[in-house]
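The file run.txt comes next; it holds compact mmCIF, C-alpha atoms.
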# COMPACT_ATOMS: atom_id res chain seq x y z
CA MET C 1256 83.45 54.55 79.28
CA PHE C 1257 83.38 57.28 81.97
CA PRO C 1258 79.72 57.87 83.04
CA ARG C 1259 78.29 61.14 81.67
CA PHE C 1260 76.98 62.28 85.07
CA LEU C 1261 80.46 61.84 86.59
CA LEU C 1262 81.97 63.89 83.76
CA LEU C 1263 79.43 66.64 84.48
CA HIS C 1264 80.14 66.57 88.20
CA THR C 1265 83.87 66.66 87.57
CA PHE C 1266 83.44 69.65 85.27
CA ILE C 1267 81.33 71.52 87.84
CA PHE C 1268 83.80 70.75 90.63
CA CYS C 1269 86.76 71.98 88.55
CA PHE C 1270 84.84 75.11 87.56
CA LEU C 1271 84.02 75.93 91.19
CA LEU C 1272 87.61 75.23 92.24
CA SER C 1273 88.89 77.55 89.51
CA SER C 1274 86.36 80.24 90.42
CA ASN C 1275 87.35 80.16 94.08
CA ALA C 1276 91.05 80.34 93.19
CA GLN C 1277 90.36 83.43 91.10
CA GLN C 1278 88.27 85.27 93.67
CA LYS C 1279 89.33 88.88 93.83
CA MET C 1280 90.38 90.56 97.03
CA ARG C 1281 87.65 92.65 98.66
CA VAL C 1282 89.00 95.91 100.07
CA VAL C 1283 87.85 99.06 101.79
CA VAL C 1284 89.61 102.29 100.83
CA ALA C 1285 90.28 104.64 103.76
CA GLY C 1286 90.69 108.18 102.46
CA LEU C 1287 90.63 109.86 99.07
CA ASN C 1288 92.92 112.84 99.65
CA HIS C 1289 96.08 111.05 98.47
CA ASP C 1290 96.65 111.26 94.72
CA HIS C 1291 97.96 107.68 94.69
CA VAL C 1292 94.35 106.59 95.21
CA HIS C 1293 93.92 106.61 91.44
CA ASN C 1294 96.02 103.42 91.35
CA ILE C 1295 93.52 101.39 93.38
CA LEU C 1296 90.53 102.97 91.63
CA HIS C 1297 92.01 101.93 88.27
CA ALA C 1298 92.62 98.42 89.64
CA ASN C 1299 88.96 98.29 90.66
CA GLU C 1300 87.88 99.44 87.19
CA GLU C 1301 90.02 96.74 85.60
CA GLY C 1302 88.58 94.03 87.87
CA ARG C 1303 91.89 93.25 89.58
CA VAL C 1304 90.41 94.03 93.00
CA ILE C 1305 86.93 94.72 94.36
CA ILE C 1306 86.36 97.92 96.34
CA VAL C 1307 83.46 97.18 98.70
CA GLY C 1308 83.52 100.52 100.47
CA ILE C 1309 85.23 103.91 100.67
CA ALA C 1310 85.57 105.79 103.98
CA GLU C 1311 86.10 109.51 103.45
CA PRO C 1312 84.84 112.46 105.54
CA ASN C 1313 85.05 114.98 102.68
CA LYS C 1314 81.85 114.67 100.65
CA THR C 1315 83.25 116.90 97.91
CA LEU C 1316 85.73 114.10 97.24
CA TRP C 1317 82.84 111.60 97.20
CA LYS C 1318 81.30 113.45 94.28
CA LYS C 1319 84.60 113.92 92.48
CA PHE C 1320 85.51 110.23 92.45
CA GLU C 1321 81.94 109.02 92.15
CA THR C 1322 81.69 110.91 88.85
CA GLN C 1323 85.19 110.20 87.58
CA TYR C 1324 85.04 106.45 88.19
CA ARG C 1325 81.27 105.91 87.89
CA LEU C 1326 81.00 104.62 91.45
CA PRO C 1327 77.68 104.08 93.24
CA ASP C 1328 76.83 106.48 96.06
CA SER C 1329 76.17 103.48 98.32
CA LEU C 1330 79.92 102.71 98.30
CA PHE C 1331 80.78 105.79 100.37
CA SER C 1332 80.73 106.38 104.11
CA ASP C 1333 82.20 108.93 106.50
CA ASP C 1334 82.89 106.32 109.21
CA LEU C 1335 85.56 103.65 108.71
CA LYS C 1336 84.58 101.41 111.63
CA THR C 1337 80.92 101.20 110.59
CA LEU C 1338 82.00 100.43 107.04
CA VAL C 1339 84.41 97.62 107.86
CA LEU C 1340 82.00 96.03 110.32
CA SER C 1341 79.29 95.91 107.67
CA LYS C 1342 81.46 94.98 104.66
CA LYS C 1343 84.00 92.68 106.35
CA PRO C 1344 86.76 93.33 103.80
CA ASP C 1345 89.88 91.24 103.30
CA ALA C 1346 91.97 94.37 103.93
CA VAL C 1347 91.82 98.14 104.34
CA LEU C 1348 93.98 100.36 102.11
CA GLY C 1349 95.01 103.76 103.46
CA TYR C 1350 94.98 106.70 101.05
CA ASN C 1351 94.75 109.50 103.59
CA GLU C 1352 97.20 111.90 105.19
CA VAL C 1353 100.23 110.18 106.69
CA SER C 1354 99.34 111.30 110.23
CA GLY C 1355 96.01 109.49 109.78
CA HIS C 1356 97.56 106.06 109.22
CA VAL C 1357 97.55 105.40 112.96
CA ASP C 1358 93.80 106.15 113.04
CA ILE C 1359 93.19 103.41 110.47
CA VAL C 1360 95.18 100.88 112.49
CA ARG C 1361 93.36 101.91 115.69
CA VAL C 1362 90.12 100.86 113.99
CA CYS C 1363 91.32 97.80 112.09
CA ALA C 1364 93.78 96.06 114.40
CA PRO C 1365 91.25 95.15 117.12
CA LEU C 1366 89.00 93.80 114.35
CA HIS C 1367 91.91 91.76 112.90
CA ILE C 1368 91.63 93.44 109.49
CA PRO C 1369 94.99 93.75 107.68
CA VAL C 1370 96.07 97.25 106.63
CA MET C 1371 98.26 98.53 103.82
CA VAL C 1372 99.06 102.26 103.77
CA GLU C 1373 100.88 104.43 101.27
CA LYS C 1374 104.43 105.35 102.21
CA PRO C 1375 105.74 106.34 104.71
CA LEU C 1376 104.35 104.33 107.62
CA ALA C 1377 103.55 107.37 109.78
CA ALA C 1378 104.20 111.07 110.23
CA THR C 1379 106.23 110.55 113.41
CA LEU C 1380 108.17 107.80 115.12
CA GLN C 1381 105.72 107.96 118.03
CA GLN C 1382 102.80 107.22 115.70
CA ALA C 1383 104.78 104.37 114.13
CA GLN C 1384 105.46 102.91 117.56
CA GLU C 1385 101.74 102.95 118.35
CA ILE C 1386 101.02 101.21 115.04
CA GLU C 1387 103.63 98.57 115.87
CA ALA C 1388 102.18 98.06 119.36
CA LEU C 1389 98.65 97.64 117.99
CA SER C 1390 99.88 95.23 115.32
CA GLU C 1391 101.65 93.11 117.93
CA LYS C 1392 98.82 93.23 120.46
CA TYR C 1393 96.17 92.05 118.00
CA ASN C 1394 98.47 90.01 115.74
CA ASP C 1395 97.30 92.12 112.80
CA MET C 1396 99.29 92.67 109.61
CA VAL C 1397 100.32 96.24 108.71
CA LEU C 1398 102.15 96.85 105.41
CA VAL C 1399 103.50 99.89 103.56
CA ASN C 1400 103.27 100.45 99.82
CA TYR C 1401 106.11 102.18 97.94
CA GLU C 1402 106.17 102.75 94.20
CA THR C 1403 109.79 101.62 94.06
CA THR C 1404 108.97 98.22 95.59
CA TRP C 1405 107.63 97.18 92.20
CA TYR C 1406 110.67 98.38 90.21
CA PRO C 1407 112.39 95.43 88.48
CA SER C 1408 115.66 97.40 88.48
CA ILE C 1409 115.78 97.57 92.30
CA ALA C 1410 115.31 93.81 92.64
CA ASP C 1411 117.91 93.20 89.91
CA VAL C 1412 120.51 95.30 91.72
CA LYS C 1413 119.76 93.50 94.99
CA ASP C 1414 120.15 90.09 93.29
CA THR C 1415 123.47 91.12 91.75
CA VAL C 1416 124.82 92.28 95.11
CA GLU C 1417 123.54 89.10 96.78
CA SER C 1418 125.39 86.99 94.22
CA GLY C 1419 128.67 88.23 95.70
CA SER C 1420 130.16 88.96 92.28
CA MET C 1421 131.06 92.53 93.28
CA GLY C 1422 131.91 92.03 96.92
CA LYS C 1423 130.32 93.82 99.87
CA ILE C 1424 128.37 97.08 99.71
CA LYS C 1425 130.47 100.10 100.68
CA LYS C 1426 128.20 102.99 99.72
CA MET C 1427 124.61 103.54 98.55
CA VAL C 1428 123.26 106.77 97.06
CA PHE C 1429 119.58 107.49 96.46
CA HIS C 1430 118.10 110.39 94.49
CA ASP C 1431 114.36 110.72 95.01
CA GLY C 1432 112.16 113.67 94.14
CA HIS C 1433 110.66 115.93 91.51
CA GLN C 1434 110.13 119.60 90.71
CA GLY C 1435 107.74 120.01 93.65
CA PRO C 1436 104.16 118.90 94.40
CA LYS C 1437 102.66 122.19 93.26
CA GLU C 1438 104.83 122.25 90.18
CA ILE C 1439 103.76 118.79 89.01
CA GLY C 1440 100.06 119.50 89.59
CA CYS C 1441 99.11 117.60 92.74
CA SER C 1442 95.46 118.04 93.77
CA PRO C 1443 94.55 120.74 96.32
CA GLN C 1444 93.43 118.11 98.84
CA PHE C 1445 96.76 116.31 98.51
CA LEU C 1446 98.77 119.53 98.78
CA GLU C 1447 96.88 120.60 101.90
CA TRP C 1448 98.34 117.83 104.02
CA LEU C 1449 101.54 117.07 102.07
CA THR C 1450 102.86 120.56 102.87
CA ASP C 1451 101.77 120.47 106.52
CA PRO C 1452 104.46 119.62 109.12
CA VAL C 1453 101.97 117.82 111.39
CA LYS C 1454 99.96 115.87 108.81
CA ASN C 1455 102.99 114.84 106.74
CA GLY C 1456 105.60 114.95 109.50
CA ALA C 1457 107.99 117.00 107.32
CA GLY C 1458 108.27 118.09 103.71
CA ALA C 1459 110.57 116.44 101.16
CA LEU C 1460 112.43 114.71 104.00
CA ASN C 1461 109.45 112.46 104.77
CA ASP C 1462 107.88 112.46 101.32
CA PHE C 1463 110.97 111.28 99.45
CA GLY C 1464 113.50 110.42 102.14
CA CYS C 1465 111.47 107.33 103.00
CA TYR C 1466 112.18 105.70 99.60
CA GLY C 1467 115.94 105.59 100.12
CA ALA C 1468 115.60 104.60 103.78
CA ASP C 1469 113.33 101.70 102.84
CA ILE C 1470 115.49 100.30 100.03
CA MET C 1471 118.65 100.83 102.08
CA THR C 1472 117.17 98.86 104.99
CA TRP C 1473 116.24 96.06 102.57
CA MET C 1474 119.70 96.02 100.98
CA MET C 1475 121.24 95.81 104.47
CA HIS C 1476 118.93 92.93 105.53
CA GLY C 1477 117.21 94.98 108.22
CA GLN C 1478 120.43 96.04 109.91
CA LYS C 1479 119.90 99.09 112.09
CA PRO C 1480 122.21 102.05 111.33
CA ILE C 1481 124.62 103.28 113.99
CA ALA C 1482 124.07 107.00 113.29
CA VAL C 1483 122.26 109.53 111.11
CA THR C 1484 123.27 113.06 110.12
CA ALA C 1485 121.06 115.33 108.03
CA ILE C 1486 120.65 118.83 106.68
CA THR C 1487 117.45 120.31 105.29
CA ARG C 1488 116.96 123.34 103.07
CA HIS C 1489 114.01 125.65 102.50
CA TYR C 1490 114.46 127.12 99.05
CA LYS C 1491 110.81 127.66 98.09
CA THR C 1492 109.58 129.63 101.08
CA SER C 1493 106.62 131.13 99.23
CA GLU C 1494 105.40 127.82 97.77
CA TYR C 1495 106.07 125.71 100.87
CA PRO C 1496 106.23 128.05 103.87
CA LYS C 1497 105.82 125.40 106.59
CA VAL C 1498 108.13 122.54 105.57
CA ASP C 1499 111.54 121.69 104.15
CA ASP C 1500 111.74 121.17 100.39
CA ASP C 1501 115.20 119.59 100.24
CA ALA C 1502 116.99 117.10 102.48
CA THR C 1503 120.31 115.29 102.50
CA ILE C 1504 120.61 112.36 104.90
CA LEU C 1505 123.83 110.49 105.75
CA VAL C 1506 123.24 107.03 107.22
CA GLU C 1507 126.15 105.18 108.86
CA TYR C 1508 126.52 101.41 109.11
CA PRO C 1509 129.54 99.57 110.58
CA GLY C 1510 130.85 98.70 107.11
CA ALA C 1511 128.96 100.96 104.73
CA THR C 1512 127.45 104.40 104.22
CA GLY C 1513 124.13 105.46 102.75
CA ILE C 1514 123.29 108.86 101.30
CA ILE C 1515 119.69 109.90 100.68
CA GLU C 1516 119.03 113.00 98.58
CA ALA C 1517 115.33 113.90 98.78
CA SER C 1518 114.02 117.01 97.08
CA TRP C 1519 111.13 119.02 95.71
CA ASN C 1520 113.74 120.96 93.74
CA TRP C 1521 114.93 118.54 91.08
CA PRO C 1522 114.69 119.77 87.47
CA PHE C 1523 112.79 116.54 86.67
CA SER C 1524 111.24 113.54 88.45
CA ILE C 1525 113.80 111.00 89.58
CA LYS C 1526 113.97 107.79 91.61
CA ASP C 1527 117.35 106.16 91.12
CA MET C 1528 119.88 104.21 93.15
CA GLU C 1529 123.65 103.82 93.02
CA VAL C 1530 125.43 101.01 94.83
CA PHE C 1531 129.22 100.97 95.18
CA CYS C 1532 130.64 97.55 96.08
CA GLU C 1533 134.22 96.40 96.58
CA THR C 1534 134.88 95.58 92.91
CA GLY C 1535 131.95 97.06 91.03
CA TYR C 1536 129.24 99.66 90.72
CA LEU C 1537 125.52 99.39 89.92
CA HIS C 1538 123.21 102.22 88.93
CA ALA C 1539 119.45 101.68 88.66
CA LEU C 1540 118.61 104.71 86.55
CA ASN C 1541 114.84 104.21 86.71
CA ASN C 1542 112.41 101.32 87.07
CA VAL C 1543 114.05 99.10 84.41
CA ASN C 1544 117.42 100.44 83.19
CA ILE C 1545 120.66 99.49 84.93
CA THR C 1546 124.26 100.46 84.27
CA SER C 1547 127.10 98.50 85.83
CA ARG C 1548 130.83 99.09 85.92
CA ARG C 1549 133.69 96.86 87.05
CA ARG C 1550 137.02 97.86 88.52
CA GLU C 1551 138.61 97.06 85.17
CA ASN C 1552 136.48 99.84 83.64
CA ILE C 1553 134.17 97.42 81.84
CA VAL C 1554 130.85 99.24 81.49
CA SER C 1555 127.60 97.54 80.53
CA SER C 1556 123.92 98.45 80.38
CA ARG C 1557 120.83 96.27 80.56
CA LYS C 1558 117.11 96.22 81.17
CA ALA C 1559 115.87 94.36 84.22
CA ALA C 1560 113.54 91.44 83.57
CA PRO C 1561 109.91 91.94 84.68
CA LEU C 1562 109.20 90.94 88.24
CA PRO C 1563 107.30 87.67 88.66
CA ALA C 1564 103.93 87.50 90.37
CA PRO C 1565 103.12 88.01 93.18
CA VAL C 1566 105.99 90.46 93.84
CA ASN C 1567 105.22 92.58 90.78
CA ASP C 1568 102.19 94.52 92.02
CA PRO C 1569 100.94 95.77 95.41
CA MET C 1570 97.57 94.01 95.18
CA GLU C 1571 99.14 90.74 93.99
CA TYR C 1572 101.60 91.00 96.86
CA LEU C 1573 98.92 91.80 99.45
CA ALA C 1574 96.80 88.86 98.30
CA ALA C 1575 99.84 86.57 98.59
CA VAL C 1576 100.52 87.76 102.14
CA LEU C 1577 96.89 87.25 103.14
CA ASP C 1578 97.00 83.75 101.60
CA HIS C 1579 100.27 83.02 103.48
CA ARG C 1580 102.17 82.53 100.23
CA LEU C 1581 104.46 85.37 101.34
CA SER C 1582 105.31 86.26 104.93
CA GLY C 1583 105.39 90.07 104.60
CA THR C 1584 107.72 90.23 107.58
CA ASN C 1585 111.18 91.10 106.21
CA ASP C 1586 110.75 92.91 102.92
CA LEU C 1587 110.26 96.40 101.52
CA SER C 1588 106.62 96.54 102.64
CA SER C 1589 107.03 94.95 106.06
CA LEU C 1590 106.32 96.69 109.33
CA ASN C 1591 109.61 95.33 110.65
CA TYR C 1592 111.70 97.15 108.06
CA ASN C 1593 109.49 100.24 108.04
CA MET C 1594 110.02 100.74 111.77
CA ILE C 1595 113.73 101.12 110.94
CA VAL C 1596 112.77 103.55 108.16
CA MET C 1597 110.88 105.62 110.72
CA GLN C 1598 113.88 105.61 113.07
CA ILE C 1599 116.08 106.91 110.25
CA LEU C 1600 113.60 109.67 109.34
CA ASP C 1601 113.12 110.65 112.98
CA ALA C 1602 116.89 110.84 113.54
CA ALA C 1603 117.25 112.88 110.34
CA LYS C 1604 114.70 115.43 111.57
CA ARG C 1605 116.43 115.69 114.95
CA SER C 1606 119.84 116.01 113.30
CA ALA C 1607 118.66 118.74 110.93
CA ALA C 1608 117.10 120.65 113.82
CA SER C 1609 120.10 120.36 116.12
CA GLY C 1610 122.98 120.30 113.66
CA LYS C 1611 124.28 117.17 115.39
CA ARG C 1612 125.03 113.58 114.46
CA ILE C 1613 122.33 111.38 115.99
CA GLU C 1614 123.36 107.95 117.25
CA LEU C 1615 120.78 105.18 117.15
Do you think you could lay out the structure here as structure tokens?
Amino acid sequence: MFPRFLLLHTFIFCFLLSSNAQQKMRVVVAGLNHDHVHNILHANEEGRVIIVGIAEPNKTLWKKFETQYRLPDSLFSDDLKTLVLSKKPDAVLGYNEVSGHVDIVRVCAPLHIPVMVEKPLAATLQQAQEIEALSEKYNDMVLVNYETTWYPSIADVKDTVESGSMGKIKKMVFHDGHQGPKEIGCSPQFLEWLTDPVKNGAGALNDFGCYGADIMTWMMHGQKPIAVTAITRHYKTSEYPKVDDDATILVEYPGATGIIEASWNWPFSIKDMEVFCETGYLHALNNVNITSRRRENIVSSRKAAPLPAPVNDPMEYLAAVLDHRLSGTNDLSSLNYNMIVMQILDAAKRSAASGKRIEL
């Protein structure tokens, strides 16, 4: 018979092993003026991640979120570097203005603390290049979070194209946008920087153009485009006096074309993708629904299967990258692909300003 004390020791060992395997990621939140911050605060409430500190200079926002999410006052600080040095988090999550992403990396990279920011990577290509240089110098991971990364429909379309059943991609069309940030009720703090050409880098062009540029880069396996042409429109001059509210971006590849339609003027919220291949067509209408059509006019519709962990959720994904279960180097969140995204957006801004086709 197995000795009782050995049974007890085995039980304790297995319990500790299980507990360690289930340890939650400890994160510091940098910024509260991005409305996407509710996602991480909900994850903290649900116990899927542990927020060990929040760095935010605006103390009005401290009180707002402290009350709304019943957070202790001791969690807040106005200095990111002091906070990360004292808390030693697994990662820092950026929920501040896009132009402030480089400031987070300036603090975290020398301390070898991984960073994940909300899309896009930066407000300008120059800021993105500094982020890349810091990441390379200190061998520090920088990732970018997009809502569409966690859409099962996007992955399903990619898998179908990769299967070769429809031939090569010839054209991709992306519609991304909504009625406008004011119209959908974004917070005043979010609006303040989202509609600022310096803090956001542009208007709808940056805000929604980045989605199509990111997915397009992923679909094309990180291939750099040969040229970009863009036009921007300013329909809502009273609501958004400083930035564009509509952009159309044409992206050229040697064997394919991408079209990004980004707008704060849609009659409804939309994030969809159309892919035209040699013998078939795929349309991801939203996060789960897909329509496909063959040359023979055979039309079918389906729902994409849920994504498996850890590629189904930003915090699951980040934990997997930190644990080296995923590389995070050539995917929708990777710095590698997002540097190409920034080149596309930068070329689009220059094209819209000059009226010329910009070669990369």
Might you pull out every residue within 9 Å of region 1501-1503 of chain C, with only C-alpha atoms counted and same-chain residues fewer than 2 positions away left off, and present them as a ChimeraX atom specification? /C:1458-1460,1463-1464,1484-1490,1499,1505,1514-1520,1603,1607
Name the closest residue to Ile1409 (chain C) among the candidates C:Tyr1572, C:Tyr1508, C:Phe1523, C:Trp1473; distances are taken between atoms, counting all atoms listed in the file. C:Trp1473
Record the distance separating CA of Arg1325 (chain C) and CA of Gly1349 (chain C), expressed in Å with one decimal.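 Value for the CA of Arg1325 (chain C)-CA of Gly1349 (chain C) distance: 20.9 Å.
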Pick from C:Ala1383, C:Ala1539, C:Ile1525, C:Met1396: nearest to Val1576 (chain C), with all atoms listed in the file counted?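 Ranking C:Ala1383, C:Ala1539, C:Ile1525, C:Met1396 by distance to Val1576 (chain C), first place goes to C:Met1396.
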Name all residues at most 8 Å from Val1347 (chain C) (count only C-alpha atoms; drop same-chain ones fewer than 2 positions away) and give them as a CSV table (one decimal) with C-alpha atoms, keeping the file's coordinate frame.
chain,number,residue,atom,x,y,z
C,1282,VAL,CA,89.0,95.9,100.1
C,1283,VAL,CA,87.8,99.1,101.8
C,1284,VAL,CA,89.6,102.3,100.8
C,1285,ALA,CA,90.3,104.6,103.8
C,1344,PRO,CA,86.8,93.3,103.8
C,1345,ASP,CA,89.9,91.2,103.3
C,1349,GLY,CA,95.0,103.8,103.5
C,1363,CYS,CA,91.3,97.8,112.1
C,1368,ILE,CA,91.6,93.4,109.5
C,1369,PRO,CA,95.0,93.8,107.7
C,1370,VAL,CA,96.1,97.2,106.6
C,1371,MET,CA,98.3,98.5,103.8
Please provide the set of residues having any atom within 10 Å of region 1307-1320 of chain C, restricted to all atoms listed in the file, with same-chain residues fewer than 6 positions apart removed, written as an mmCIF file with C-alpha atoms, keeping the file's coordinate frame.
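New file result-v8.cif:
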data_model
loop_
_atom_site.group_PDB
_atom_site.id
_atom_site.type_symbol
_atom_site.label_atom_id
_atom_site.label_comp_id
_atom_site.auth_asym_id
_atom_site.auth_seq_id
_atom_site.Cartn_x
_atom_site.Cartn_y
_atom_site.Cartn_z
ATOM 1 C CA MET C 1280 90.380 90.560 97.030
ATOM 2 C CA ARG C 1281 87.650 92.650 98.660
ATOM 3 C CA VAL C 1282 89.000 95.910 100.070
ATOM 4 C CA VAL C 1283 87.850 99.060 101.790
ATOM 5 C CA VAL C 1284 89.610 102.290 100.830
ATOM 6 C CA ALA C 1285 90.280 104.640 103.760
ATOM 7 C CA GLY C 1286 90.690 108.180 102.460
ATOM 8 C CA LEU C 1287 90.630 109.860 99.070
ATOM 9 C CA ASN C 1288 92.920 112.840 99.650
ATOM 10 C CA VAL C 1292 94.350 106.590 95.210
ATOM 11 C CA HIS C 1293 93.920 106.610 91.440
ATOM 12 C CA LEU C 1296 90.530 102.970 91.630
ATOM 13 C CA ASN C 1299 88.960 98.290 90.660
ATOM 14 C CA LEU C 1326 81.000 104.620 91.450
ATOM 15 C CA PRO C 1327 77.680 104.080 93.240
ATOM 16 C CA ASP C 1328 76.830 106.480 96.060
ATOM 17 C CA SER C 1329 76.170 103.480 98.320
ATOM 18 C CA LEU C 1330 79.920 102.710 98.300
ATOM 19 C CA PHE C 1331 80.780 105.790 100.370
ATOM 20 C CA SER C 1332 80.730 106.380 104.110
ATOM 21 C CA ASP C 1333 82.200 108.930 106.500
ATOM 22 C CA ASP C 1334 82.890 106.320 109.210
ATOM 23 C CA LEU C 1335 85.560 103.650 108.710
ATOM 24 C CA LYS C 1336 84.580 101.410 111.630
ATOM 25 C CA THR C 1337 80.920 101.200 110.590
ATOM 26 C CA LEU C 1338 82.000 100.430 107.040
ATOM 27 C CA VAL C 1339 84.410 97.620 107.860
ATOM 28 C CA SER C 1341 79.290 95.910 107.670
ATOM 29 C CA LYS C 1342 81.460 94.980 104.660
ATOM 30 C CA LYS C 1343 84.000 92.680 106.350
ATOM 31 C CA PRO C 1344 86.760 93.330 103.800
ATOM 32 C CA ASP C 1345 89.880 91.240 103.300
ATOM 33 C CA VAL C 1347 91.820 98.140 104.340
ATOM 34 C CA LEU C 1348 93.980 100.360 102.110
ATOM 35 C CA GLY C 1349 95.010 103.760 103.460
ATOM 36 C CA TYR C 1350 94.980 106.700 101.050
ATOM 37 C CA ASN C 1351 94.750 109.500 103.590
ATOM 38 C CA GLN C 1444 93.430 118.110 98.840
#
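With all atoms listed in the file as the atoms that count, the minimum distance from Arg1550 (chain C) to the choices C:Gly1583, C:Gly1513, C:Pro1480, C:Gly1422 is reached by C:Gly1422.
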Of the candidates C:Ile1439, C:Val1399, C:Ala1298, C:Met1421, which one gets nearest to Glu1551 (chain C) if we count all atoms listed in the file?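 Comparing C:Ile1439, C:Val1399, C:Ala1298, C:Met1421 against Glu1551 (chain C), the winner is C:Met1421.
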Please identify all polymer residues within 9 Å of Cys1532 (chain C), counting all atoms listed in the file, omitting same-chain residues fewer than 6 positions from it, and present them as an mmCIF file with C-alpha atoms, in the frame of the given file.
data_model
loop_
_atom_site.group_PDB
_atom_site.id
_atom_site.type_symbol
_atom_site.label_atom_id
_atom_site.label_comp_id
_atom_site.auth_asym_id
_atom_site.auth_seq_id
_atom_site.Cartn_x
_atom_site.Cartn_y
_atom_site.Cartn_z
ATOM 1 C CA VAL C 1416 124.820 92.280 95.110
ATOM 2 C CA MET C 1421 131.060 92.530 93.280
ATOM 3 C CA GLY C 1422 131.910 92.030 96.920
ATOM 4 C CA LYS C 1423 130.320 93.820 99.870
ATOM 5 C CA ILE C 1424 128.370 97.080 99.710
ATOM 6 C CA LYS C 1425 130.470 100.100 100.680
ATOM 7 C CA LYS C 1426 128.200 102.990 99.720
ATOM 8 C CA MET C 1427 124.610 103.540 98.550
#
Do you have the CA of Val1498 (chain C)-CA of Gly1435 (chain C) distance handy? 12.2 Å
To one decimal place in Å, what is the distance between CA of Val1397 (chain C) and CA of Arg1580 (chain C)? 16.2 Å
Which residue is closest to Lys1526 (chain C)? Choose from C:Val1428, C:Ile1481, C:Ala1378, C:Ile1613 and count all atoms listed in the file.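 Closest residue, counting all atoms listed in the file: C:Val1428.
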Box time for region 1499-1512 of chain C: axis-aligned, enclosing all its listed atoms, 5 Å extra on each side; report centre and edge lengths in Å to one decimal, as AutoDock Vina command-line options.
--center_x 121.2 --center_y 110.2 --center_z 105.4 --size_x 29.3 --size_y 33.0 --size_z 20.3
If we count all atoms listed in the file, what is near Ala1468 (chain C) at a cut-off of 7 Å, once residues fewer than 4 positions away on the same chain are taken out, given as a PyMOL selection string? chain C and resi 1464+1472+1596+1599
Starting from the structure just given, write a file holding region 1444-1455 of chain C with N, CA and C atoms, as a short mmCIF file (atom, residue, chain, number, x, y, z; two decimals), in the first residue's frame.
data_model
loop_
_atom_site.label_atom_id
_atom_site.label_comp_id
_atom_site.auth_asym_id
_atom_site.auth_seq_id
_atom_site.Cartn_x
_atom_site.Cartn_y
_atom_site.Cartn_z
N GLN C 1444 -12.35 62.62 -22.52
CA GLN C 1444 -10.89 62.44 -22.46
C GLN C 1444 -10.38 61.69 -23.70
N PHE C 1445 -11.16 60.75 -24.17
CA PHE C 1445 -10.81 60.00 -25.38
C PHE C 1445 -10.89 60.91 -26.60
N LEU C 1446 -11.98 61.66 -26.70
CA LEU C 1446 -12.19 62.56 -27.83
C LEU C 1446 -11.10 63.61 -27.93
N GLU C 1447 -10.61 64.07 -26.78
CA GLU C 1447 -9.63 65.16 -26.77
C GLU C 1447 -8.39 64.81 -27.58
N TRP C 1448 -7.91 63.58 -27.44
CA TRP C 1448 -6.71 63.23 -28.21
C TRP C 1448 -7.02 62.52 -29.52
N LEU C 1449 -8.16 61.82 -29.59
CA LEU C 1449 -8.52 61.10 -30.81
C LEU C 1449 -8.73 62.05 -31.99
N THR C 1450 -9.16 63.27 -31.71
CA THR C 1450 -9.45 64.25 -32.75
C THR C 1450 -8.33 65.29 -32.87
N ASP C 1451 -7.17 64.96 -32.35
CA ASP C 1451 -6.01 65.86 -32.39
C ASP C 1451 -4.99 65.30 -33.38
N PRO C 1452 -4.54 66.09 -34.36
CA PRO C 1452 -3.64 65.57 -35.39
C PRO C 1452 -2.26 65.17 -34.87
N VAL C 1453 -1.84 65.74 -33.74
CA VAL C 1453 -0.54 65.39 -33.17
C VAL C 1453 -0.66 64.16 -32.27
N LYS C 1454 -1.65 64.14 -31.40
CA LYS C 1454 -1.78 63.05 -30.44
C LYS C 1454 -2.26 61.75 -31.07
N ASN C 1455 -3.07 61.87 -32.14
CA ASN C 1455 -3.55 60.67 -32.83
C ASN C 1455 -2.82 60.43 -34.15
#
